[in-house]
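Q: My structure is stored as work-v3.cif, with mmCIF, C-alpha atoms.
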```cif
data_model
#
loop_
_atom_site.label_atom_id
_atom_site.label_comp_id
_atom_site.auth_asym_id
_atom_site.auth_seq_id
_atom_site.Cartn_x
_atom_site.Cartn_y
_atom_site.Cartn_z
CA MET X 67 0.28 48.95 50.70
CA GLU X 68 -0.20 52.61 49.85
CA SER X 69 -2.62 53.37 47.12
CA SER X 70 0.18 54.64 44.89
CA GLU X 71 1.81 51.27 45.41
CA LEU X 72 -1.51 49.62 44.63
CA ALA X 73 -1.74 51.58 41.38
CA ARG X 74 1.79 50.55 40.56
CA PHE X 75 0.89 46.91 41.18
CA GLU X 76 -2.12 47.18 38.89
CA ALA X 77 -0.09 48.94 36.21
CA VAL X 78 2.99 46.72 36.39
CA VAL X 79 1.71 43.26 37.24
CA LEU X 80 -1.89 42.92 36.07
CA PRO X 81 -1.08 43.38 32.34
CA HIS X 82 0.73 40.04 32.52
CA LEU X 83 -2.20 38.10 33.91
CA ASP X 84 -2.99 36.36 30.62
CA ALA X 85 0.64 35.30 30.22
CA ALA X 86 0.61 34.05 33.82
CA TYR X 87 -2.58 32.08 33.25
CA THR X 88 -1.30 30.58 29.98
CA LEU X 89 1.91 29.40 31.64
CA ALA X 90 -0.07 27.95 34.56
CA ARG X 91 -2.43 26.16 32.16
CA TYR X 92 0.44 24.45 30.38
CA LEU X 93 2.32 23.56 33.56
CA THR X 94 -0.66 22.24 35.53
CA ARG X 95 -2.52 20.97 32.41
CA ASN X 96 -5.73 21.89 34.15
CA ALA X 97 -7.91 25.03 34.08
CA HIS X 98 -8.99 24.81 37.70
CA ASP X 99 -5.50 24.33 39.11
CA ALA X 100 -4.22 27.06 36.83
CA GLU X 101 -6.65 29.57 38.38
CA ASP X 102 -5.58 28.62 41.90
CA VAL X 103 -1.93 28.83 40.96
CA VAL X 104 -2.29 32.28 39.40
CA GLN X 105 -4.36 33.61 42.28
CA ASP X 106 -1.82 32.40 44.87
CA ALA X 107 1.02 33.75 42.77
CA CYS X 108 -0.59 37.19 42.52
CA LEU X 109 -1.24 37.34 46.25
CA ARG X 110 2.36 36.45 46.83
CA ALA X 111 3.45 39.03 44.27
CA LEU X 112 1.30 41.62 46.06
CA LYS X 113 2.93 40.76 49.36
CA TYR X 114 6.46 41.16 48.06
CA PHE X 115 5.72 43.89 45.57
CA ASP X 116 7.14 46.63 47.80
CA GLY X 117 10.49 44.97 47.32
CA PHE X 118 10.18 44.70 43.56
CA ARG X 119 11.89 47.56 41.78
CA GLY X 120 12.99 45.77 38.65
CA GLU X 121 16.55 45.39 39.91
CA GLU X 122 19.16 43.75 37.74
CA GLY X 123 17.03 44.24 34.68
CA THR X 124 14.39 41.72 35.73
CA SER X 125 11.19 42.60 33.93
CA ALA X 126 7.91 42.63 35.86
CA ARG X 127 6.64 39.97 33.50
CA ALA X 128 9.59 37.65 34.22
CA TRP X 129 9.23 38.36 37.95
CA LEU X 130 5.54 37.43 38.00
CA LEU X 131 6.01 34.41 35.73
CA ALA X 132 8.81 33.12 37.98
CA ILE X 133 6.40 33.13 40.93
CA VAL X 134 3.68 31.48 38.83
CA ARG X 135 6.11 28.85 37.61
CA ASN X 136 7.29 27.90 41.10
CA ASN X 137 3.72 27.77 42.37
CA ALA X 138 2.63 25.64 39.44
CA LEU X 139 5.45 23.16 39.84
CA SER X 140 4.81 22.73 43.55
CA SER X 141 1.09 22.38 42.89
CA VAL X 142 1.79 19.58 40.42
CA ARG X 143 4.15 17.90 42.91
CA ARG X 144 1.58 18.24 45.69
CA ARG X 145 -1.11 16.66 43.58
CA SER X 146 0.90 13.64 42.54
CA PRO X 147 3.88 13.37 44.88
CA ASP X 148 5.40 10.38 43.15
CA ALA X 149 4.81 11.47 39.60
CA VAL X 150 8.23 11.52 38.08
CA ALA X 151 8.61 14.08 35.32
CA LEU X 152 7.04 12.22 32.46
CA GLU X 153 9.74 12.29 29.84
CA PHE X 154 8.85 11.92 26.23
CA ASP X 155 9.65 8.38 25.22
CA GLU X 156 11.78 8.84 22.16
CA LEU X 157 12.03 5.17 21.31
CA GLN X 158 8.33 4.62 21.44
CA HIS X 159 7.38 7.67 19.43
CA SER X 160 10.11 8.05 16.86
CA GLY X 161 8.60 5.66 14.33
CA GLY X 162 6.97 8.10 11.95
CA VAL X 163 5.83 7.78 8.38
CA ALA X 164 9.15 7.98 6.63
CA ASP X 165 8.07 9.07 3.19
CA GLU X 166 5.74 11.87 4.20
CA HIS X 167 7.02 15.37 3.64
CA PRO X 168 7.78 16.49 7.20
CA GLU X 169 6.65 20.07 6.66
CA ALA X 170 3.37 18.86 5.24
CA ALA X 171 2.92 16.67 8.32
CA LEU X 172 3.17 19.74 10.54
CA LEU X 173 0.14 21.27 8.90
CA ARG X 174 -2.06 18.23 8.58
CA SER X 175 -5.51 18.59 10.02
CA ASP X 176 -4.60 16.39 12.98
CA ALA X 177 -1.40 18.35 13.63
CA LYS X 178 -3.21 20.29 16.32
CA GLU X 179 -3.92 17.21 18.44
CA THR X 180 -0.52 15.70 17.72
CA LEU X 181 1.23 18.89 18.71
CA ALA X 182 -0.83 19.32 21.87
CA ARG X 183 -0.09 15.74 22.87
CA ALA X 184 3.62 16.09 22.15
CA LEU X 185 3.80 19.31 24.16
CA ASP X 186 1.94 17.62 26.99
CA ARG X 187 4.43 14.76 27.02
CA LEU X 188 7.44 17.01 27.31
CA ALA X 189 9.04 17.20 30.73
CA PRO X 190 8.05 20.46 32.47
CA GLU X 191 11.47 22.07 31.98
CA PHE X 192 11.11 21.61 28.22
CA ARG X 193 7.41 22.51 28.10
CA GLU X 194 7.97 25.77 29.95
CA VAL X 195 10.68 27.03 27.60
CA ILE X 196 8.45 26.38 24.59
CA VAL X 197 5.51 28.21 26.21
CA LEU X 198 7.66 31.12 27.35
CA ARG X 199 9.42 31.51 24.02
CA GLU X 200 6.89 30.52 21.38
CA LEU X 201 3.67 31.67 23.02
CA GLU X 202 4.83 34.54 25.23
CA GLY X 203 7.81 35.73 23.22
CA LEU X 204 10.16 36.11 26.20
CA SER X 205 13.85 36.73 25.52
CA TYR X 206 16.39 34.09 26.57
CA LYS X 207 17.42 36.38 29.44
CA GLU X 208 13.83 36.62 30.69
CA ILE X 209 13.34 32.86 30.41
CA SER X 210 16.55 32.40 32.36
CA ASP X 211 15.10 34.66 35.09
CA VAL X 212 11.83 32.74 35.17
CA ALA X 213 13.32 29.26 35.20
CA GLY X 214 16.32 30.19 37.34
CA VAL X 215 18.86 28.64 35.00
CA PRO X 216 21.69 30.19 32.93
CA VAL X 217 20.98 31.50 29.42
CA GLY X 218 23.08 28.68 27.94
CA THR X 219 20.76 26.13 29.56
CA VAL X 220 17.71 27.97 28.18
CA MET X 221 19.25 27.73 24.72
CA SER X 222 19.98 24.01 24.90
CA ARG X 223 16.58 23.20 26.45
CA LEU X 224 14.82 25.07 23.67
CA SER X 225 16.79 23.20 21.04
CA ARG X 226 16.05 19.84 22.60
CA ALA X 227 12.39 20.67 23.14
CA ARG X 228 11.98 21.68 19.52
CA ALA X 229 13.80 18.58 18.32
CA ARG X 230 11.35 16.45 20.34
CA LEU X 231 8.29 18.25 19.03
CA ARG X 232 9.51 17.75 15.49
CA GLU X 233 10.16 14.06 16.12
CA ALA X 234 6.66 13.70 17.45
CA LEU X 235 5.20 15.33 14.38
CA THR X 236 7.05 13.39 11.72
CA MET S 87 33.26 26.90 12.59
CA THR S 88 32.09 23.33 12.05
CA HIS S 89 28.89 22.31 10.35
CA SER S 90 27.24 20.91 13.49
CA SER S 91 27.92 24.08 15.45
CA PHE S 92 26.05 26.01 12.73
CA GLU S 93 23.08 23.71 13.17
CA ALA S 94 23.17 24.35 16.91
CA GLN S 95 22.99 28.09 16.22
CA VAL S 96 19.94 28.00 13.97
CA ASP S 97 17.48 28.14 16.88
CA ALA S 98 19.21 31.12 18.47
CA TYR S 99 19.37 32.76 15.05
CA LEU S 100 15.65 32.32 14.39
CA ASP S 101 14.92 33.54 17.92
CA GLY S 102 16.85 36.71 17.16
CA GLU S 103 19.29 35.88 19.96
CA LEU S 104 22.44 35.42 17.92
CA ALA S 105 25.04 38.21 17.92
CA ALA S 106 25.08 40.11 14.61
CA VAL S 107 28.53 38.87 13.62
CA ASP S 108 27.57 35.22 14.25
CA ALA S 109 24.28 35.76 12.44
CA ARG S 110 26.11 37.00 9.35
CA GLU S 111 28.44 34.00 9.44
CA LEU S 112 25.47 31.66 9.79
CA GLU S 113 23.61 33.35 6.92
CA ALA S 114 26.65 32.90 4.70
CA HIS S 115 26.76 29.23 5.68
CA LEU S 116 23.03 28.77 5.09
CA ALA S 117 23.40 30.21 1.60
CA GLN S 118 25.65 27.32 0.58
CA CYS S 119 24.56 24.43 2.84
CA PRO S 120 21.36 22.62 1.79
CA GLU S 121 21.42 20.48 4.92
CA CYS S 122 21.39 23.45 7.30
CA THR S 123 18.80 25.17 5.12
CA ARG S 124 16.58 22.11 5.43
CA PHE S 125 17.11 22.12 9.16
CA ARG S 126 16.17 25.81 9.32
CA ASP S 127 13.06 25.26 7.19
CA GLY S 128 12.00 22.43 9.49
CA ARG S 129 12.30 24.79 12.45
CA LEU S 130 10.37 27.49 10.62
CA ALA S 131 7.61 25.03 9.83
CA LEU S 132 7.49 23.96 13.49
CA ARG S 133 7.16 27.58 14.57
CA ALA S 134 4.39 28.15 12.07
CA ALA S 135 2.63 25.02 13.35
CA ILE S 136 2.96 26.14 16.98
CA ALA S 137 1.75 29.65 16.11
CA THR S 138 -1.25 28.14 14.32
CA HIS S 139 -2.15 25.28 16.61
CA VAL S 140 -1.02 25.94 20.16
CA PRO S 141 -3.35 28.45 21.85
CA THR S 142 -2.64 31.06 24.50
CA PHE S 143 -5.29 31.54 27.17
CA GLN S 144 -7.04 34.54 28.64
CA ALA S 145 -7.27 34.74 32.39
CA PRO S 146 -10.93 34.27 33.36
CA PRO S 147 -12.55 37.65 34.20
CA ALA S 148 -13.57 36.35 37.64
CA LEU S 149 -9.94 35.58 38.45
CA ARG S 150 -8.89 39.07 37.38
CA GLU S 151 -11.60 40.55 39.59
CA ARG S 152 -10.59 38.46 42.60
CA ILE S 153 -6.99 39.60 42.28
CA ARG S 154 -7.98 43.23 41.88
CA ALA S 155 -10.22 42.98 44.91
CA ALA S 156 -7.45 41.37 46.95
CA ALA S 157 -5.07 44.15 45.97
CA GLN S 158 -7.62 46.82 46.90
CA GLY S 159 -8.32 45.08 50.17
CA ARG S 160 -4.68 45.48 51.04
CA GLY S 161 -4.85 49.11 49.92
CA ARG S 162 -7.76 49.87 52.29
CA GLY S 163 -6.05 48.14 55.17
CA SER S 164 -3.04 50.39 54.95
CA ARG S 165 -2.34 52.70 57.88
CA ARG S 166 0.29 54.62 56.00
CA PHE S 167 -2.35 56.52 54.12
CA ALA S 168 -1.86 60.07 55.43
CA VAL S 169 -4.95 62.26 55.47
CA ARG S 170 -2.84 65.39 55.30
CA ASN S 171 -1.49 64.44 51.92
CA TRP S 172 -4.69 62.82 50.75
CA TRP S 173 -4.34 64.25 47.25
CA ARG S 174 -0.82 62.94 46.62
CA PRO S 175 -1.53 59.25 46.22
CA LEU S 176 -4.62 60.11 44.21
CA ALA S 177 -2.65 62.30 41.84
CA LEU S 178 0.01 59.65 41.48
CA ALA S 179 -2.57 56.92 41.03
CA ALA S 180 -4.32 59.00 38.38
CA SER S 181 -1.10 59.64 36.49
CA LEU S 182 -0.13 55.99 36.75
CA ALA S 183 -3.55 55.00 35.54
CA VAL S 184 -3.06 57.25 32.52
CA VAL S 185 0.33 55.67 31.88
CA ALA S 186 -1.11 52.21 32.41
CA LEU S 187 -4.00 52.90 30.06
CA GLY S 188 -1.60 54.27 27.47
CA SER S 189 0.76 51.34 27.65
CA TRP S 190 -2.15 48.94 27.80
CA SER S 191 -3.66 50.24 24.58
CA LEU S 192 -0.19 50.26 23.02
CA ALA S 193 0.30 46.69 24.14
CA VAL S 194 -3.09 45.71 22.74
CA GLN S 195 -2.26 47.37 19.44
CA ARG S 196 1.12 45.73 19.36
CA ALA S 197 -0.37 42.35 20.21
CA ALA S 198 -2.85 42.75 17.36
CA GLY S 199 -0.01 43.77 15.05
CA ASP S 200 2.06 40.77 16.13
CA ARG S 201 -0.86 38.45 15.61
CA LEU S 202 -1.24 39.75 12.07
CA THR S 203 2.45 39.34 11.25
CA ASP S 204 2.32 35.86 12.85
CA GLU S 205 -0.57 34.96 10.57
CA LEU S 206 1.09 36.37 7.47
CA PHE S 207 4.32 34.66 8.32
CA ALA S 208 2.55 31.34 8.86
CA SER S 209 0.66 31.79 5.57
CA HIS S 210 3.88 32.48 3.73
CA ILE S 211 5.53 29.36 5.17
CA ARG S 212 2.43 27.29 4.46
CA SER S 213 2.38 28.54 0.86
CA LEU S 214 5.86 27.08 0.39
CA MET S 215 4.65 23.56 1.21
CA PRO S 216 4.09 21.35 -1.82
CA GLY S 217 0.82 22.14 -3.55
CA HIS S 218 -0.03 25.19 -1.43
CA LEU S 219 1.49 28.03 -3.39
CA THR S 220 -1.15 28.82 -6.00
CA ASP S 221 -4.79 28.11 -6.71
CA VAL S 222 -4.52 29.62 -10.18
CA VAL S 223 -1.20 29.11 -11.95
CA SER S 224 -0.55 31.68 -14.61
CA SER S 225 1.96 34.30 -15.55
CA ASP S 226 -0.82 36.20 -17.31
CA GLN S 227 -2.37 38.96 -15.23
CA HIS S 228 -5.47 38.78 -17.42
CA THR S 229 -5.98 35.18 -16.32
CA VAL S 230 -5.18 35.72 -12.66
CA LYS S 231 -7.32 38.81 -12.09
CA PRO S 232 -10.61 37.37 -13.41
CA TRP S 233 -9.98 34.16 -11.44
CA PHE S 234 -10.69 36.13 -8.26
CA ASN S 235 -14.11 37.22 -9.56
CA GLY S 236 -16.81 35.67 -7.45
CA ARG S 237 -14.23 34.36 -5.00
CA LEU S 238 -13.60 37.69 -3.31
CA ASP S 239 -15.73 40.72 -2.56
CA PHE S 240 -13.16 42.93 -4.26
CA SER S 241 -11.14 42.79 -7.45
CA PRO S 242 -7.43 42.92 -6.65
CA PRO S 243 -5.12 44.80 -9.01
CA VAL S 244 -2.78 42.29 -10.67
CA PHE S 245 0.42 43.17 -12.53
CA ASP S 246 3.21 41.22 -14.11
CA PHE S 247 6.76 42.41 -13.65
CA ALA S 248 8.48 39.66 -15.65
CA GLY S 249 10.25 42.37 -17.62
CA ARG S 250 11.80 43.60 -14.40
CA GLY S 251 12.76 40.14 -13.20
CA TYR S 252 9.74 39.53 -10.93
CA PRO S 253 7.47 37.22 -12.95
CA LEU S 254 3.90 36.66 -11.78
CA LEU S 255 3.51 32.98 -10.83
CA GLY S 256 -0.16 32.93 -9.93
CA GLY S 257 -2.61 33.67 -7.18
CA ARG S 258 -4.61 32.03 -4.44
CA LEU S 259 -7.16 32.77 -1.76
CA ASP S 260 -5.86 33.06 1.76
CA TYR S 261 -7.39 33.79 5.12
CA VAL S 262 -5.79 36.56 7.17
CA ASP S 263 -6.97 38.87 9.92
CA GLY S 264 -10.38 37.24 10.00
CA ARG S 265 -11.18 37.68 6.32
CA THR S 266 -10.54 36.14 2.93
CA VAL S 267 -7.76 37.96 1.12
CA ALA S 268 -6.01 37.81 -2.22
CA ALA S 269 -2.51 36.37 -2.27
CA LEU S 270 -0.53 37.08 -5.42
CA VAL S 271 2.62 35.09 -5.95
CA TYR S 272 5.69 36.46 -7.68
CA GLY S 273 9.08 34.88 -8.24
CA ARG S 274 12.62 36.15 -8.18
CA ARG S 275 15.17 33.50 -9.12
CA GLN S 276 14.36 30.65 -6.72
CA HIS S 277 12.69 32.96 -4.18
CA VAL S 278 8.98 33.28 -3.70
CA ILE S 279 7.27 36.58 -2.94
CA ASN S 280 3.78 36.54 -1.45
CA VAL S 281 1.71 39.71 -1.82
CA PHE S 282 -1.31 39.72 0.50
CA LEU S 283 -3.89 42.40 -0.09
CA TRP S 284 -7.37 43.30 1.00
CA PRO S 285 -9.53 46.44 1.03
CA ALA S 286 -8.19 49.05 3.41
CA ALA S 287 -10.21 50.19 6.39
CA HIS S 288 -11.04 53.87 6.10
CA GLY S 289 -7.99 54.96 7.98
CA PRO S 290 -4.84 56.85 7.17
CA THR S 291 -2.74 55.70 4.24
CA GLY S 292 0.90 55.11 4.99
CA GLY S 293 4.03 53.07 4.70
CA PRO S 294 5.96 51.37 3.51
CA ASN S 295 7.10 49.91 6.82
CA THR S 296 9.53 47.07 6.81
CA ARG S 297 10.13 44.49 9.47
CA ASP S 298 12.17 41.36 9.86
CA ARG S 299 10.77 38.10 10.94
CA GLN S 300 13.03 35.12 11.50
CA GLY S 301 15.14 35.67 8.43
CA TYR S 302 12.16 36.81 6.35
CA HIS S 303 11.35 40.36 5.42
CA MET S 304 7.92 41.88 5.43
CA THR S 305 6.95 45.19 4.01
CA HIS S 306 3.59 46.78 4.50
CA TRP S 307 1.75 49.81 3.19
CA THR S 308 -1.78 51.10 2.93
CA THR S 309 -3.22 52.99 -0.01
CA ALA S 310 -6.63 54.62 -0.11
CA ASP S 311 -8.01 51.33 -1.42
CA TYR S 312 -5.89 48.45 -0.21
CA THR S 313 -3.77 47.15 2.61
CA TYR S 314 -0.66 45.47 1.25
CA TRP S 315 1.68 43.01 2.96
CA VAL S 316 4.62 41.60 1.05
CA VAL S 317 6.52 38.65 2.56
CA SER S 318 9.64 36.97 1.21
CA ASP S 319 13.04 35.61 2.10
CA LEU S 320 14.41 37.85 -0.63
CA GLY S 321 17.13 40.31 0.38
CA LEU S 322 15.77 43.55 1.74
CA GLY S 323 17.07 45.64 -1.18
CA GLU S 324 15.33 43.52 -3.81
CA LEU S 325 12.16 43.31 -1.77
CA GLN S 326 11.99 47.09 -1.51
CA ASP S 327 12.70 47.35 -5.23
CA PHE S 328 9.77 45.02 -5.90
CA ALA S 329 7.53 46.89 -3.45
CA GLN S 330 8.38 50.13 -5.23
CA LEU S 331 7.38 48.63 -8.61
CA LEU S 332 4.10 47.45 -7.14
CA ARG S 333 3.31 50.75 -5.45
CA GLN S 334 4.01 52.62 -8.64
CA ALA S 335 1.92 50.32 -10.82
CA ASP S 336 -0.88 50.45 -8.29
CA SER S 337 -0.86 54.24 -7.97
CA ASN S 338 -1.17 54.47 -11.78
CA VAL S 339 -4.30 52.37 -11.73
CA GLN S 340 -6.06 53.44 -8.57
CA PRO S 341 -7.33 56.84 -9.68
CA VAL S 342 -9.46 54.98 -12.24
CA THR S 343 -11.89 54.13 -9.50
CA ALA S 344 -11.63 57.63 -8.06
CA TYR S 345 -12.44 59.35 -11.37
CA PRO S 346 -15.87 58.33 -12.55
CA GLY S 347 -15.35 60.39 -15.72
CA TYR S 348 -12.69 57.98 -16.90
CA ASP S 349 -13.62 56.41 -20.21
CA ARG S 350 -12.11 53.01 -20.74
CA ASP S 351 -12.05 53.32 -24.56
CA ARG S 352 -10.81 56.84 -24.85
CA GLY S 353 -8.31 56.60 -22.05
CA PRO S 354 -7.94 58.65 -18.93
CA ALA S 355 -9.14 62.16 -18.52
CA THR S 356 -6.42 64.79 -18.64
CA ASP S 357 -6.43 65.50 -14.93
CA PHE S 358 -5.84 61.80 -14.35
CA ALA S 359 -2.90 61.84 -16.79
CA LEU S 360 -1.56 64.90 -15.04
CA ARG S 361 -1.85 63.17 -11.73
CA VAL S 362 0.01 60.11 -12.99
CA HIS S 363 2.70 62.36 -14.31
CA LEU S 364 3.00 64.08 -10.96
CA GLU S 365 3.09 60.84 -9.04
CA VAL S 366 5.54 58.82 -11.04
CA GLY S 367 7.43 61.57 -12.79
CA PRO S 368 10.99 62.36 -11.79
#
```
Mind turning this structure into structure tokens?

A:
Amino acid sequence: MESSELARFEAVVLPHLDAAYTLARYLTRNAHDAEDVVQDACLRALKYFDGFRGEEGTSARAWLLAIVRNNALSSVRRRSPDAVALEFDELQHSGGVADEHPEAALLRSDAKETLARALDRLAPEFREVIVLRELEGLSYKEISDVAGVPVGTVMSRLSRARARLREALT
Amino acid sequence: MTHSSFEAQVDAYLDGELAAVDARELEAHLAQCPECTRFRDGRLALRAAIATHVPTFQAPPALRERIRAAAQGRGRGSRRFAVRNWWRPLALAASLAVVALGSWSLAVQRAAGDRLTDELFASHIRSLMPGHLTDVVSSDQHTVKPWFNGRLDFSPPVFDFAGRGYPLLGGRLDYVDGRTVAALVYGRRQHVINVFLWPAAHGPTGGPNTRDRQGYHMTHWTTADYTYWVVSDLGLGELQDFAQLLRQADSNVQPVTAYPGYDRDRGPATDFALRVHLEVGP
């Protein structure tokens, strides 16, 4: 890599390191694995960076996050090969306190733990859209680039993910 | 369009991903459908809860260093580095570094700005929950203003605009941007307006700047004394009207602190009166 290319890498990719690490943390659910995943992803990004010119409107952030995402998912699969995506069990968790004001429930002092647990229980394809949209503020188009699914799928996954988080909290 | 298809659009609408024409249609529907409005409010509350409770993470510094080192290792190993044109990559790297630094500091500023609007937005939503709107309930500015004494390290200016259709509903303490701030609550029909204010840093005065946030409007300005943020689901026109009232009332009062010669019993000194005339006159 030429040093101009190196500078370009540092300017274009490194600003998204926190976003990459956050996504890896939520997908691997583990700080140590997240570091490994991000490091591997960045080395891979470095290797293929010559070819990255932001074609077809792909942002550098979406490009890096796509690599991180694929690394994270294969790391999770490697670690527990027969772990089926742990889907949120709607039947088991839908029995909430009926007469509590749902908005108030969202801001209870234990909402933090409840929300973290609910997010953790979401299947990875739902968890990732929440992280990418709510925490990283990616557009639907960028999320579609990261997850490799059409924008319409991003939209319906977000809706379902949010519906599940709300169920968990009420 | 059917009712259920409106509900399906609320997420895209709040994400700012709905085409303008669909957004207008949805807004019209929301204005007359309590069920969809409840659905939207539930989504807004969820967002506020996620913004408050679900953290983002910073990449550990050691990880950042390892990646930088790996990148530089590749840079040193390159054979394409031509000695003849040794200055070219350096010049390019330097200019890119300048660009990177510029966009980095912009990004940091923007991130800080976003965090603030996130916080204000979450506070506004939280204030709408039962029992959260006011700590002191009064339409009397002379009750609300003294209530802040001893609770804040500044004394916020409080006005009532009931005569103009924006009655004062009360006030409360809030916590924004790492400090305790005053939140004044005004009403307009069934809408709630939250005015957050705290002493301004010694920077430039400016504004008002308006921004939209998930169907809510925020307007922001800084005077010599205070930073103001006004948040409401009120239409933009009315919100700006209200902001104008507040700015005017505030600019009439503020010189009091700037003119030590002002005598409370005898009224303002003439230069103060002149200044008021200049500022609010036609």

Q: Please report the interatomic distance between atom CA of Arg135 of chain X and atom CA of Glu233 of chain X in Å with one decimal.

A: 26.4 Å

Q: Could you check which of S:Asp239, S:Glu121, S:Asp108, S:Glu151 is closest to chain X, using only C-alpha atoms?

A: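 Checking each candidate against chain X, we get S:Glu151 as the closest.
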
Q: Expand the PyMOL selection byres ((chain X) within 9 of (chain S)) into the explicit residue set it covers here, and present it as number ranges by chain.

A: X: 67-78, 80-81, 83-89, 91, 101-102, 104-105, 108-109, 112, 167-170, 172-173, 177-179, 181-182, 197, 199-202, 205-206, 221-222, 224-225, 228-229, 231-232, 235

Q: Evaluate the PyMOL selection byres ((chain S and resi 223-234) around 7) here and jot the selected residues down as a list in words.

A: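 Output from the PyMOL selection byres ((chain S and resi 223-234) around 7), applied to this file: Thr220, Asp221, Val222, Asn235, Gly236, Arg237, Leu238, Ser241, Pro242, Val244, Phe245, Asp246, Pro253, Leu254, Leu255, Gly256 and Gly257 of chain S.
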
Q: Just the number, please: distance in Å from atom CA of Thr308 of chain S to atom CA of Gly289 of chain S, one decimal.

A: 8.9 Å

Q: Need the axis-aligned box for segment 199-216 of chain X with 8 Å each side, so what are the centre and edges in Å to one decimal, as JSON?

A:
```
{"center_x": 12.7, "center_y": 32.7, "center_z": 29.4, "size_x": 34.0, "size_y": 24.1, "size_z": 32.0}
```

Q: Name the residues that the PyMOL selection byres ((chain S and resi 304) around 7) picks from the file above, as JSON, numbers by chain, using the file's chain letters and numbers.

A: {"S": [296, 297, 298, 302, 303, 305, 306, 315, 316, 317, 318]}

Q: Pull C-alpha atoms from the residues just selected and write them as a CSV table (one decimal), in the frame of the given file.

A:
```csv
chain,number,residue,atom,x,y,z
S,296,THR,CA,9.5,47.1,6.8
S,297,ARG,CA,10.1,44.5,9.5
S,298,ASP,CA,12.2,41.4,9.9
S,302,TYR,CA,12.2,36.8,6.4
S,303,HIS,CA,11.4,40.4,5.4
S,305,THR,CA,7.0,45.2,4.0
S,306,HIS,CA,3.6,46.8,4.5
S,315,TRP,CA,1.7,43.0,3.0
S,316,VAL,CA,4.6,41.6,1.0
S,317,VAL,CA,6.5,38.6,2.6
S,318,SER,CA,9.6,37.0,1.2
```

Q: Grab the atom CA of Glu205 of chain S to atom CA of Ala310 of chain S distance for me, in Å with one decimal place.

A: 23.2 Å

Q: Can you tell me, as an NGL selection string, what residues are no more than 12 Å from Arg333 of chain S when counting all atoms listed in the file, ignoring any on the same chain fewer than 3 positions away?

A: :S and (243-245 or 281 or 292-294 or 305-310 or 312-316 or 326-330 or 336-340 or 365-366)

Q: Mind checking which residues fall within 10 Å of Ala213 of chain X, counting all atoms listed in the file, ignoring those fewer than 2 positions away in the same chain, and posting them as a ChimeraX atom specification?

A: /X:128,131-133,135-136,191,194-195,198,208-211,215-217,219-220
